[in-house]
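A.B. asks: Quick one: this structure, given as structure tokens, is what I'll be asking you about.
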Amino acid sequence: MDEWDVCSLGKRLCALLLLVSITVVISFQQVTVNIRIYLPYKITMVKGILEFLTLGVLVFTGRPTHASSPLELNPPRVVVRYGDLVSVNCSTSSTDHEGMGWEATYGGTGFEQNVNIVTWTVDNLIDWTIEPKCYITFNDGNQPIEVLPVILYKTPDSVSISVLSHSGPMVEGTEYQLQCDIQNIAPQQNLVVKWYKGNEPVDNVTYSNISKTPVDVSATLMISPSRDDDGAQYRCRAELDLGPEGPQPHPTVTSEPLNITVHYPPTFSRPEAETLDIRVGEKITLNCTATGRPTPLYSWQSSDVLEALFTPSSELPGTYTCTASNLIGKNSKTFTVNPKPKGGRTTFYAIIGSGLGLALLVGIGYLFLKQRAGRNSII
């Protein structure tokens, strides 16, 4: 039975087929369908309405008659080092097309007829803004395209670290700004700048600026060094995180280390004042050693001694003040030297013992003489 004779079976069947045809057209968004319009040949008005609805759906959805892309890119996304080779296949499973091809500033293939796969290849990719497009031309004139996302990257020419607005040694407790200069890197939005103190990471810097072409980038780090940081090394590293399609591990370039020298005022290992006892004739040494950078210089009050160690005369007890100083500051410490009797406590006990012994001998002798002299003796 011819499809245009269906309505001869009855008006109700014809109306039902018309309703089904309109429903299929209106629901056309996700699937590709071939609409067969079962209408009497003479009902040209209704047929025109259906064609108008089909056009309206295409305008509303913004899609061609093939809603899902008939093209497949392999790989679907590429990350390429500047100047390297790149090759991507574009294929289709369609059988109702005239041909396909690649359109690009470099590596375009032109239109190739009766093929199901075309390959885009560039031996030396140097176009930072390239956007290759694969297209297919169907028999009905439709021409879908698929854009290949390309990330072209370049590691920096150099990475260096410096101290801004300062040269020479640093001073403990003062803030300084370190700067990492990265020359000629792309793309900036994939850059991560990592700061290290020794082997310990201290900070990461990321960027939101979109730039496909190479740029110069500077990152900064604020530090306030302490005396424990004297001799520490700082480094910065430029790392390109290009996602799962990019090289693993991430491409990196690291600066030469920046060695810092920290100056700090003198401090004593025992900062509290000291009190010492000394006998006449005995020698004693006062220790005023301090740590500082630069190395401290020493002076003693009322003395010409310029060393950390001082041996005062035992005949001159009293208070001695030592001052340790350098270019950053100075610090003082007091020693109190007290005299004590010659011989000390041992001599005192010896005198008491001798007296007691002598008294005991006198008592024993008296008793002996009195016994020999008798009771009537006046002794």
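The chains in the structure tokens are called A, B, ... from first to last as shown; in each chain the residues are counted from 1, and the ligands are counted from 1 in the order shown.
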Might you pull out every residue within 8 Å of stretch 208-223 of chain A, with only C-alpha atoms counted and same-chain residues fewer than 4 positions away left off, and present them as a PyMOL selection string?
C.D. replies: chain A and resi 128-129+151-152+154+175-189+193+195+203
A.B. asks: Please write the residues from the selection above to a file, keeping N, CA and C atoms, as a PDB file, in the first residue's frame.
C.D. replies:
```
ATOM      1  N   TRP A 128      50.512  29.648  18.488  1.00  0.00           N
ATOM      2  CA  TRP A 128      49.974  29.677  19.853  1.00  0.00           C
ATOM      3  C   TRP A 128      48.452  29.706  19.884  1.00  0.00           C
ATOM      4  N   THR A 129      47.813  30.212  18.844  1.00  0.00           N
ATOM      5  CA  THR A 129      46.354  30.397  18.859  1.00  0.00           C
ATOM      6  C   THR A 129      45.632  29.428  17.925  1.00  0.00           C
ATOM      7  N   ILE A 151      46.483  22.802  23.706  1.00  0.00           N
ATOM      8  CA  ILE A 151      47.291  23.578  24.650  1.00  0.00           C
ATOM      9  C   ILE A 151      48.740  23.470  24.206  1.00  0.00           C
ATOM     10  N   LEU A 152      49.290  24.597  23.793  1.00  0.00           N
ATOM     11  CA  LEU A 152      50.694  24.659  23.399  1.00  0.00           C
ATOM     12  C   LEU A 152      51.463  25.277  24.572  1.00  0.00           C
ATOM     13  N   LYS A 154      55.265  26.046  26.840  1.00  0.00           N
ATOM     14  CA  LYS A 154      56.690  26.303  26.757  1.00  0.00           C
ATOM     15  C   LYS A 154      57.247  26.504  28.157  1.00  0.00           C
ATOM     16  N   GLU A 175      61.476  42.581  57.966  1.00  0.00           N
ATOM     17  CA  GLU A 175      60.790  41.953  56.841  1.00  0.00           C
ATOM     18  C   GLU A 175      61.523  42.240  55.530  1.00  0.00           C
ATOM     19  N   TYR A 176      61.587  41.206  54.700  1.00  0.00           N
ATOM     20  CA  TYR A 176      62.213  41.319  53.374  1.00  0.00           C
ATOM     21  C   TYR A 176      61.301  40.655  52.350  1.00  0.00           C
ATOM     22  N   GLN A 177      61.396  41.107  51.113  1.00  0.00           N
ATOM     23  CA  GLN A 177      60.581  40.573  50.019  1.00  0.00           C
ATOM     24  C   GLN A 177      61.484  39.878  49.002  1.00  0.00           C
ATOM     25  N   LEU A 178      61.248  38.574  48.852  1.00  0.00           N
ATOM     26  CA  LEU A 178      61.957  37.813  47.838  1.00  0.00           C
ATOM     27  C   LEU A 178      61.143  37.827  46.547  1.00  0.00           C
ATOM     28  N   GLN A 179      61.807  37.874  45.415  1.00  0.00           N
ATOM     29  CA  GLN A 179      61.117  37.877  44.121  1.00  0.00           C
ATOM     30  C   GLN A 179      61.663  36.778  43.231  1.00  0.00           C
ATOM     31  N   CYS A 180      60.723  36.048  42.612  1.00  0.00           N
ATOM     32  CA  CYS A 180      61.066  34.995  41.660  1.00  0.00           C
ATOM     33  C   CYS A 180      60.686  35.484  40.266  1.00  0.00           C
ATOM     34  N   ASP A 181      61.680  35.628  39.391  1.00  0.00           N
ATOM     35  CA  ASP A 181      61.459  36.112  38.025  1.00  0.00           C
ATOM     36  C   ASP A 181      61.502  34.939  37.053  1.00  0.00           C
ATOM     37  N   ILE A 182      60.389  34.786  36.312  1.00  0.00           N
ATOM     38  CA  ILE A 182      60.230  33.679  35.367  1.00  0.00           C
ATOM     39  C   ILE A 182      60.103  34.276  33.967  1.00  0.00           C
ATOM     40  N   GLN A 183      61.012  33.900  33.089  1.00  0.00           N
ATOM     41  CA  GLN A 183      61.090  34.514  31.771  1.00  0.00           C
ATOM     42  C   GLN A 183      60.532  33.597  30.678  1.00  0.00           C
ATOM     43  N   ASN A 184      59.518  34.158  29.933  1.00  0.00           N
ATOM     44  CA  ASN A 184      59.073  33.534  28.690  1.00  0.00           C
ATOM     45  C   ASN A 184      58.466  32.146  28.915  1.00  0.00           C
ATOM     46  N   ILE A 185      57.308  32.111  29.573  1.00  0.00           N
ATOM     47  CA  ILE A 185      56.624  30.855  29.878  1.00  0.00           C
ATOM     48  C   ILE A 185      55.192  30.912  29.369  1.00  0.00           C
ATOM     49  N   ALA A 186      54.636  29.760  28.971  1.00  0.00           N
ATOM     50  CA  ALA A 186      53.254  29.692  28.492  1.00  0.00           C
ATOM     51  C   ALA A 186      52.726  28.278  28.717  1.00  0.00           C
ATOM     52  N   PRO A 187      51.385  28.181  28.960  1.00  0.00           N
ATOM     53  CA  PRO A 187      50.443  29.267  29.222  1.00  0.00           C
ATOM     54  C   PRO A 187      50.448  29.655  30.707  1.00  0.00           C
ATOM     55  N   GLN A 188      50.174  30.936  30.991  1.00  0.00           N
ATOM     56  CA  GLN A 188      50.286  31.445  32.358  1.00  0.00           C
ATOM     57  C   GLN A 188      49.267  30.804  33.291  1.00  0.00           C
ATOM     58  N   GLN A 189      48.054  30.516  32.800  1.00  0.00           N
ATOM     59  CA  GLN A 189      47.011  29.986  33.674  1.00  0.00           C
ATOM     60  C   GLN A 189      47.333  28.583  34.193  1.00  0.00           C
ATOM     61  N   VAL A 193      53.866  28.584  40.882  1.00  0.00           N
ATOM     62  CA  VAL A 193      55.180  28.955  41.416  1.00  0.00           C
ATOM     63  C   VAL A 193      55.278  28.418  42.847  1.00  0.00           C
ATOM     64  N   TRP A 195      57.567  27.926  46.356  1.00  0.00           N
ATOM     65  CA  TRP A 195      58.687  28.448  47.138  1.00  0.00           C
ATOM     66  C   TRP A 195      59.163  27.388  48.123  1.00  0.00           C
ATOM     67  N   ASP A 203      55.326  28.043  50.233  1.00  0.00           N
ATOM     68  CA  ASP A 203      54.208  28.768  49.625  1.00  0.00           C
ATOM     69  C   ASP A 203      54.029  28.329  48.174  1.00  0.00           C
TER      70      ASP A 203
END
```
A.B. asks: Would you kindly return, as a list in words, each protein, DNA or RNA residue with an atom no farther than 12 Å from any atom of A:Thr121, considering only C-alpha atoms and excluding same-chain residues fewer than 5 positions away?
C.D. replies: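 That gives Asp84, Leu85, Val86, Ser87, Val88, Asn89, Cys90, Trp102, Glu103, Ala104, Thr105, Tyr106, Gly107, Gly108, Thr109 and Pro132 of chain A.
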A.B. asks: Considering only C-alpha atoms, return as a PyMOL selection string whatever protein or nucleic-acid residues lie within 7 Å of A:Gly83, sequence-local ones (same chain, fewer than 5 positions apart) excluded.
C.D. replies: chain A and resi 124-126
A.B. asks: Write to file, as a JSON list (two decimals), in the first residue's frame, the residues of the selection just made, with all heavy atoms.
C.D. replies:
```
[["chain", "number", "residue", "atom", "x", "y", "z"],
["A", 124, "ASN", "N", 55.94, 20.54, 13.34],
["A", 124, "ASN", "CA", 56.60, 21.52, 14.21],
["A", 124, "ASN", "C", 55.57, 22.59, 14.58],
["A", 124, "ASN", "O", 55.46, 23.61, 13.91],
["A", 124, "ASN", "CB", 57.81, 22.12, 13.49],
["A", 124, "ASN", "CG", 58.55, 23.14, 14.33],
["A", 124, "ASN", "OD1", 58.46, 23.13, 15.55],
["A", 124, "ASN", "ND2", 59.27, 24.03, 13.67],
["A", 125, "LEU", "N", 54.80, 22.34, 15.66],
["A", 125, "LEU", "CA", 53.70, 23.23, 16.00],
["A", 125, "LEU", "C", 54.23, 24.47, 16.72],
["A", 125, "LEU", "O", 54.81, 24.37, 17.81],
["A", 125, "LEU", "CB", 52.68, 22.50, 16.89],
["A", 125, "LEU", "CG", 51.41, 23.29, 17.21],
["A", 125, "LEU", "CD1", 50.67, 23.65, 15.91],
["A", 125, "LEU", "CD2", 50.51, 22.51, 18.15],
["A", 126, "ILE", "N", 53.99, 25.66, 16.11],
["A", 126, "ILE", "CA", 54.48, 26.91, 16.69],
["A", 126, "ILE", "C", 53.39, 27.99, 16.69],
["A", 126, "ILE", "O", 53.67, 29.15, 17.03],
["A", 126, "ILE", "CB", 55.71, 27.44, 15.92],
["A", 126, "ILE", "CG1", 55.38, 27.61, 14.44],
["A", 126, "ILE", "CG2", 56.90, 26.50, 16.11],
["A", 126, "ILE", "CD1", 56.49, 28.27, 13.63]]
```
A.B. asks: When distances are computed from only C-alpha atoms, which of A:Thr206, A:Asn142, A:Ser255, A:Thr275 shows the smallest separation from A:Ser160?
C.D. replies: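 Answer, going by the shortest atom-to-atom distance: A:Ser255.
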A.B. asks: One decimal, in Å: what's the spacing between atom CA of A:Tyr196 and atom CA of A:Ser165?
C.D. replies: 20.9 Å
A.B. asks: Do a neighbour search on A:Thr336 at 10 Å with only C-alpha atoms, toss out local chain neighbours closer than 2 positions, and write the hits as a short mmCIF file (atom, residue, chain, number, x, y, z; two decimals) with N, CA, C and O atoms, in the first residue's frame.
C.D. replies:
```
data_model
loop_
_atom_site.label_atom_id
_atom_site.label_comp_id
_atom_site.auth_asym_id
_atom_site.auth_seq_id
_atom_site.Cartn_x
_atom_site.Cartn_y
_atom_site.Cartn_z
N ALA A 273 72.64 37.57 86.09
CA ALA A 273 73.85 38.00 86.82
C ALA A 273 74.38 36.85 87.66
O ALA A 273 73.62 35.99 88.14
N GLU A 274 75.70 36.84 87.86
CA GLU A 274 76.34 35.77 88.62
C GLU A 274 77.02 36.35 89.86
O GLU A 274 77.57 37.46 89.85
N THR A 275 76.97 35.55 90.96
CA THR A 275 77.66 35.91 92.21
C THR A 275 78.64 34.80 92.55
O THR A 275 78.27 33.61 92.56
N LEU A 276 79.90 35.20 92.85
CA LEU A 276 80.94 34.22 93.14
C LEU A 276 81.68 34.64 94.41
O LEU A 276 81.85 35.84 94.70
N ASP A 277 82.10 33.63 95.19
CA ASP A 277 82.91 33.87 96.39
C ASP A 277 84.36 33.52 96.08
O ASP A 277 84.65 32.50 95.43
N LEU A 286 86.00 34.94 85.19
CA LEU A 286 84.63 35.35 84.84
C LEU A 286 84.43 35.12 83.34
O LEU A 286 85.22 35.61 82.53
N PRO A 317 87.87 42.40 95.30
CA PRO A 317 86.49 41.94 95.16
C PRO A 317 85.58 43.11 94.80
O PRO A 317 85.94 44.28 94.94
N GLY A 318 84.37 42.77 94.30
CA GLY A 318 83.43 43.82 93.93
C GLY A 318 82.56 43.38 92.78
O GLY A 318 82.36 42.19 92.53
N THR A 319 82.02 44.35 92.04
CA THR A 319 81.11 44.09 90.92
C THR A 319 81.82 44.40 89.61
O THR A 319 82.39 45.48 89.44
N TYR A 320 81.73 43.45 88.67
CA TYR A 320 82.35 43.59 87.37
C TYR A 320 81.26 43.49 86.29
O TYR A 320 80.44 42.57 86.31
N THR A 321 81.24 44.42 85.37
CA THR A 321 80.24 44.44 84.29
C THR A 321 80.93 44.23 82.94
O THR A 321 81.88 44.95 82.60
N THR A 334 76.49 41.23 84.62
CA THR A 334 77.17 41.64 85.85
C THR A 334 77.63 40.42 86.63
O THR A 334 76.88 39.44 86.79
N ASN A 338 82.51 38.19 95.89
CA ASN A 338 82.55 38.44 97.34
C ASN A 338 83.79 37.80 97.95
O ASN A 338 84.12 36.65 97.63
#
```
A.B. asks: Have a look at atom CA of A:Val78 and atom CA of A:Val118 and let me know their distance in Å, one decimal.
C.D. replies: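 The value is 16.5 Å.
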A.B. asks: Within 6 Å of A:Tyr264, counting only C-alpha atoms, which residues qualify if same-chain residues fewer than 6 places away don't, as an mmCIF file with N, CA and C atoms, in the first residue's frame?
C.D. replies:
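Output file part_34.cif follows:
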```
data_model
loop_
_atom_site.group_PDB
_atom_site.id
_atom_site.type_symbol
_atom_site.label_atom_id
_atom_site.label_comp_id
_atom_site.auth_asym_id
_atom_site.auth_seq_id
_atom_site.Cartn_x
_atom_site.Cartn_y
_atom_site.Cartn_z
ATOM 1 N N GLU A 172 67.898 40.290 61.890
ATOM 2 C CA GLU A 172 66.869 39.498 62.553
ATOM 3 C C GLU A 172 65.641 40.355 62.874
ATOM 4 N N GLY A 292 76.631 36.052 68.693
ATOM 5 C CA GLY A 292 76.061 37.128 67.893
ATOM 6 C C GLY A 292 76.702 37.116 66.523
ATOM 7 N N ARG A 293 76.039 37.819 65.583
ATOM 8 C CA ARG A 293 76.592 37.921 64.227
ATOM 9 C C ARG A 293 76.398 39.350 63.749
ATOM 10 N N ILE A 328 74.799 45.273 65.359
ATOM 11 C CA ILE A 328 73.344 45.198 65.507
ATOM 12 C C ILE A 328 72.897 45.682 66.879
#
```
A.B. asks: Could you tell me which of A:Ser158, A:Thr92, A:Asn114, A:Thr295 comes closest to A:Asn326 if we count only C-alpha atoms?
C.D. replies: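 Of the candidates, the smallest distance to A:Asn326 is held by A:Thr295.
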A.B. asks: Interatomic distance between atom CA of A:Pro312 and atom CA of A:Ser299?
C.D. replies: 13.8 Å
A.B. asks: Out of stretch 116-329 of chain A, which residues get strand (DSSP E or B) from DSSP, as a PyMOL selection string?
C.D. replies: chain A and resi 117-122+133-138+145-147+150-154+158-163+170-171+176-186+191-197+200-206+215-223+233-240+252-254+258-259+262-268+274-279+286-287+290-293+297-300+309-310+318-325
A.B. asks: Tell me which protein, DNA and RNA residues are within 7 Å of stretch 235-243 of chain A, counting only C-alpha atoms, leaving out same-chain ones fewer than 5 positions away, and put them as a ChimeraX atom specification.
C.D. replies: /A:161,180,190-197,250-258
A.B. asks: How would the residues just picked look written out with all heavy atoms as a short mmCIF file (atom, residue, chain, number, x, y, z; two decimals), in the first residue's frame?
C.D. replies:
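Wrote it out as part-v5.cif, contents follow:
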```cif
data_model
loop_
_atom_site.label_atom_id
_atom_site.label_comp_id
_atom_site.auth_asym_id
_atom_site.auth_seq_id
_atom_site.Cartn_x
_atom_site.Cartn_y
_atom_site.Cartn_z
N ILE A 161 65.98 34.13 41.49
CA ILE A 161 65.45 34.62 42.76
C ILE A 161 66.36 35.73 43.27
O ILE A 161 67.59 35.67 43.12
CB ILE A 161 65.33 33.47 43.77
CG1 ILE A 161 64.67 33.94 45.06
CG2 ILE A 161 66.65 32.82 44.05
CD1 ILE A 161 64.38 32.80 46.03
N CYS A 180 60.72 36.05 42.61
CA CYS A 180 61.07 34.99 41.66
C CYS A 180 60.69 35.48 40.27
O CYS A 180 59.51 35.77 39.99
CB CYS A 180 60.30 33.71 42.00
SG CYS A 180 60.68 32.32 40.93
N ASN A 190 48.31 27.92 33.60
CA ASN A 190 48.71 26.60 34.06
C ASN A 190 49.97 26.63 34.92
O ASN A 190 50.49 25.59 35.33
CB ASN A 190 48.95 25.67 32.87
CG ASN A 190 47.69 25.40 32.07
OD1 ASN A 190 47.42 26.09 31.10
ND2 ASN A 190 46.92 24.43 32.49
N LEU A 191 50.45 27.84 35.21
CA LEU A 191 51.69 28.00 35.98
C LEU A 191 51.42 27.94 37.48
O LEU A 191 50.48 28.55 37.98
CB LEU A 191 52.35 29.35 35.63
CG LEU A 191 53.55 29.77 36.46
CD1 LEU A 191 54.71 28.80 36.30
CD2 LEU A 191 53.97 31.19 36.11
N VAL A 192 52.28 27.19 38.18
CA VAL A 192 52.29 27.18 39.65
C VAL A 192 53.72 27.51 40.09
O VAL A 192 54.66 26.82 39.69
CB VAL A 192 51.86 25.81 40.23
CG1 VAL A 192 51.87 25.85 41.75
CG2 VAL A 192 50.49 25.41 39.71
N VAL A 193 53.87 28.58 40.88
CA VAL A 193 55.18 28.96 41.42
C VAL A 193 55.28 28.42 42.85
O VAL A 193 54.44 28.75 43.69
CB VAL A 193 55.39 30.47 41.40
CG1 VAL A 193 56.76 30.82 41.98
CG2 VAL A 193 55.27 31.01 39.98
N LYS A 194 56.28 27.60 43.09
CA LYS A 194 56.45 26.97 44.41
C LYS A 194 57.72 27.51 45.08
O LYS A 194 58.78 27.55 44.46
CB LYS A 194 56.53 25.45 44.27
CG LYS A 194 55.24 24.83 43.71
CD LYS A 194 55.29 23.32 43.71
CE LYS A 194 53.96 22.74 43.25
NZ LYS A 194 53.95 21.25 43.28
N TRP A 195 57.57 27.93 46.36
CA TRP A 195 58.69 28.45 47.14
C TRP A 195 59.16 27.39 48.12
O TRP A 195 58.35 26.68 48.73
CB TRP A 195 58.25 29.69 47.91
CG TRP A 195 58.05 30.91 47.08
CD1 TRP A 195 56.87 31.35 46.52
CD2 TRP A 195 59.04 31.87 46.70
NE1 TRP A 195 57.07 32.50 45.83
CE2 TRP A 195 58.39 32.87 45.92
CE3 TRP A 195 60.40 32.00 46.95
CZ2 TRP A 195 59.06 33.96 45.40
CZ3 TRP A 195 61.07 33.09 46.43
CH2 TRP A 195 60.41 34.06 45.66
N TYR A 196 60.49 27.31 48.29
CA TYR A 196 61.08 26.34 49.20
C TYR A 196 62.12 27.02 50.09
O TYR A 196 62.87 27.90 49.64
CB TYR A 196 61.77 25.21 48.43
CG TYR A 196 60.84 24.32 47.65
CD1 TYR A 196 60.46 24.66 46.35
CD2 TYR A 196 60.34 23.15 48.20
CE1 TYR A 196 59.60 23.85 45.63
CE2 TYR A 196 59.48 22.33 47.49
CZ TYR A 196 59.11 22.69 46.21
OH TYR A 196 58.26 21.89 45.50
N LYS A 197 62.14 26.61 51.35
CA LYS A 197 63.21 26.98 52.28
C LYS A 197 63.94 25.69 52.61
O LYS A 197 63.42 24.83 53.29
CB LYS A 197 62.62 27.61 53.54
CG LYS A 197 63.65 27.96 54.59
CD LYS A 197 62.93 28.51 55.83
CE LYS A 197 63.88 28.71 56.97
NZ LYS A 197 63.17 29.18 58.19
N HIS A 250 55.10 16.95 36.05
CA HIS A 250 54.93 18.25 35.42
C HIS A 250 56.28 18.86 35.02
O HIS A 250 57.27 18.70 35.73
CB HIS A 250 54.23 19.21 36.39
CG HIS A 250 52.87 18.73 36.82
ND1 HIS A 250 52.28 19.12 37.99
CD2 HIS A 250 51.99 17.89 36.22
CE1 HIS A 250 51.10 18.54 38.10
NE2 HIS A 250 50.91 17.78 37.05
N PRO A 251 56.31 19.55 33.88
CA PRO A 251 57.55 20.25 33.50
C PRO A 251 57.90 21.33 34.53
O PRO A 251 57.04 22.13 34.91
CB PRO A 251 57.20 20.88 32.14
CG PRO A 251 56.00 20.12 31.66
CD PRO A 251 55.27 19.69 32.87
N THR A 252 59.15 21.36 35.00
CA THR A 252 59.56 22.31 36.02
C THR A 252 60.94 22.88 35.70
O THR A 252 61.77 22.20 35.08
CB THR A 252 59.61 21.67 37.42
OG1 THR A 252 60.58 20.60 37.41
CG2 THR A 252 58.26 21.11 37.82
N VAL A 253 61.16 24.10 36.14
CA VAL A 253 62.47 24.74 36.11
C VAL A 253 62.67 25.42 37.46
O VAL A 253 61.80 26.17 37.91
CB VAL A 253 62.60 25.77 34.97
CG1 VAL A 253 63.97 26.45 35.02
CG2 VAL A 253 62.39 25.10 33.61
N THR A 254 63.82 25.16 38.12
CA THR A 254 64.07 25.66 39.47
C THR A 254 65.21 26.67 39.46
O THR A 254 66.19 26.50 38.73
CB THR A 254 64.40 24.50 40.42
OG1 THR A 254 63.34 23.54 40.38
CG2 THR A 254 64.56 24.98 41.86
N SER A 255 65.09 27.69 40.29
CA SER A 255 66.12 28.72 40.38
C SER A 255 67.34 28.18 41.13
O SER A 255 67.28 27.17 41.83
CB SER A 255 65.58 29.94 41.12
OG SER A 255 65.39 29.64 42.51
N GLU A 256 68.46 28.88 40.99
CA GLU A 256 69.61 28.64 41.84
C GLU A 256 69.25 29.06 43.27
O GLU A 256 68.44 29.97 43.46
CB GLU A 256 70.82 29.42 41.36
CG GLU A 256 71.38 28.94 40.02
CD GLU A 256 71.95 27.53 40.11
OE1 GLU A 256 72.52 27.20 41.17
OE2 GLU A 256 71.81 26.77 39.14
N PRO A 257 69.83 28.43 44.29
CA PRO A 257 69.47 28.79 45.67
C PRO A 257 69.95 30.18 46.04
O PRO A 257 71.01 30.63 45.59
CB PRO A 257 70.14 27.71 46.52
CG PRO A 257 71.26 27.20 45.67
CD PRO A 257 70.79 27.30 44.26
N LEU A 258 69.16 30.86 46.87
CA LEU A 258 69.55 32.15 47.44
C LEU A 258 69.97 31.91 48.89
O LEU A 258 69.16 31.52 49.73
CB LEU A 258 68.38 33.13 47.38
CG LEU A 258 68.59 34.46 48.11
CD1 LEU A 258 69.62 35.31 47.37
CD2 LEU A 258 67.28 35.22 48.27
#
```
A.B. asks: When you count only C-alpha atoms, which of these residues is closest to A:Val79: A:Asn331, A:Gln248, A:Thr311, A:Thr261?
C.D. replies: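 Under the stated criterion, the closest residue is A:Gln248.
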A.B. asks: Write down as a list in words the residues belonging to stretch 151-360 of chain A that are assigned helix (DSSP H, G or I) by DSSP computed on the backbone.
C.D. replies: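 For stretch 151-360 of chain A, the helix (DSSP H, G or I) set is Gln188, Gln189, Asn190, Arg227, Asp228, Asp229, Arg345, Thr346, Thr347, Phe348, Tyr349, Ala350, Ile351, Ile352, Gly353, Ser354, Gly355, Leu356, Gly357, Leu358, Ala359 and Leu360 of chain A.
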A.B. asks: Rank A:Val280, A:Val163, A:Ile130, A:Ala232 by their smallest atom-to-atom distance to A:Leu316, using only C-alpha atoms, and report the top residue only.
C.D. replies: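 Checking each of A:Val280, A:Val163, A:Ile130, A:Ala232 against A:Leu316, counting only C-alpha atoms, the winner is A:Val280.
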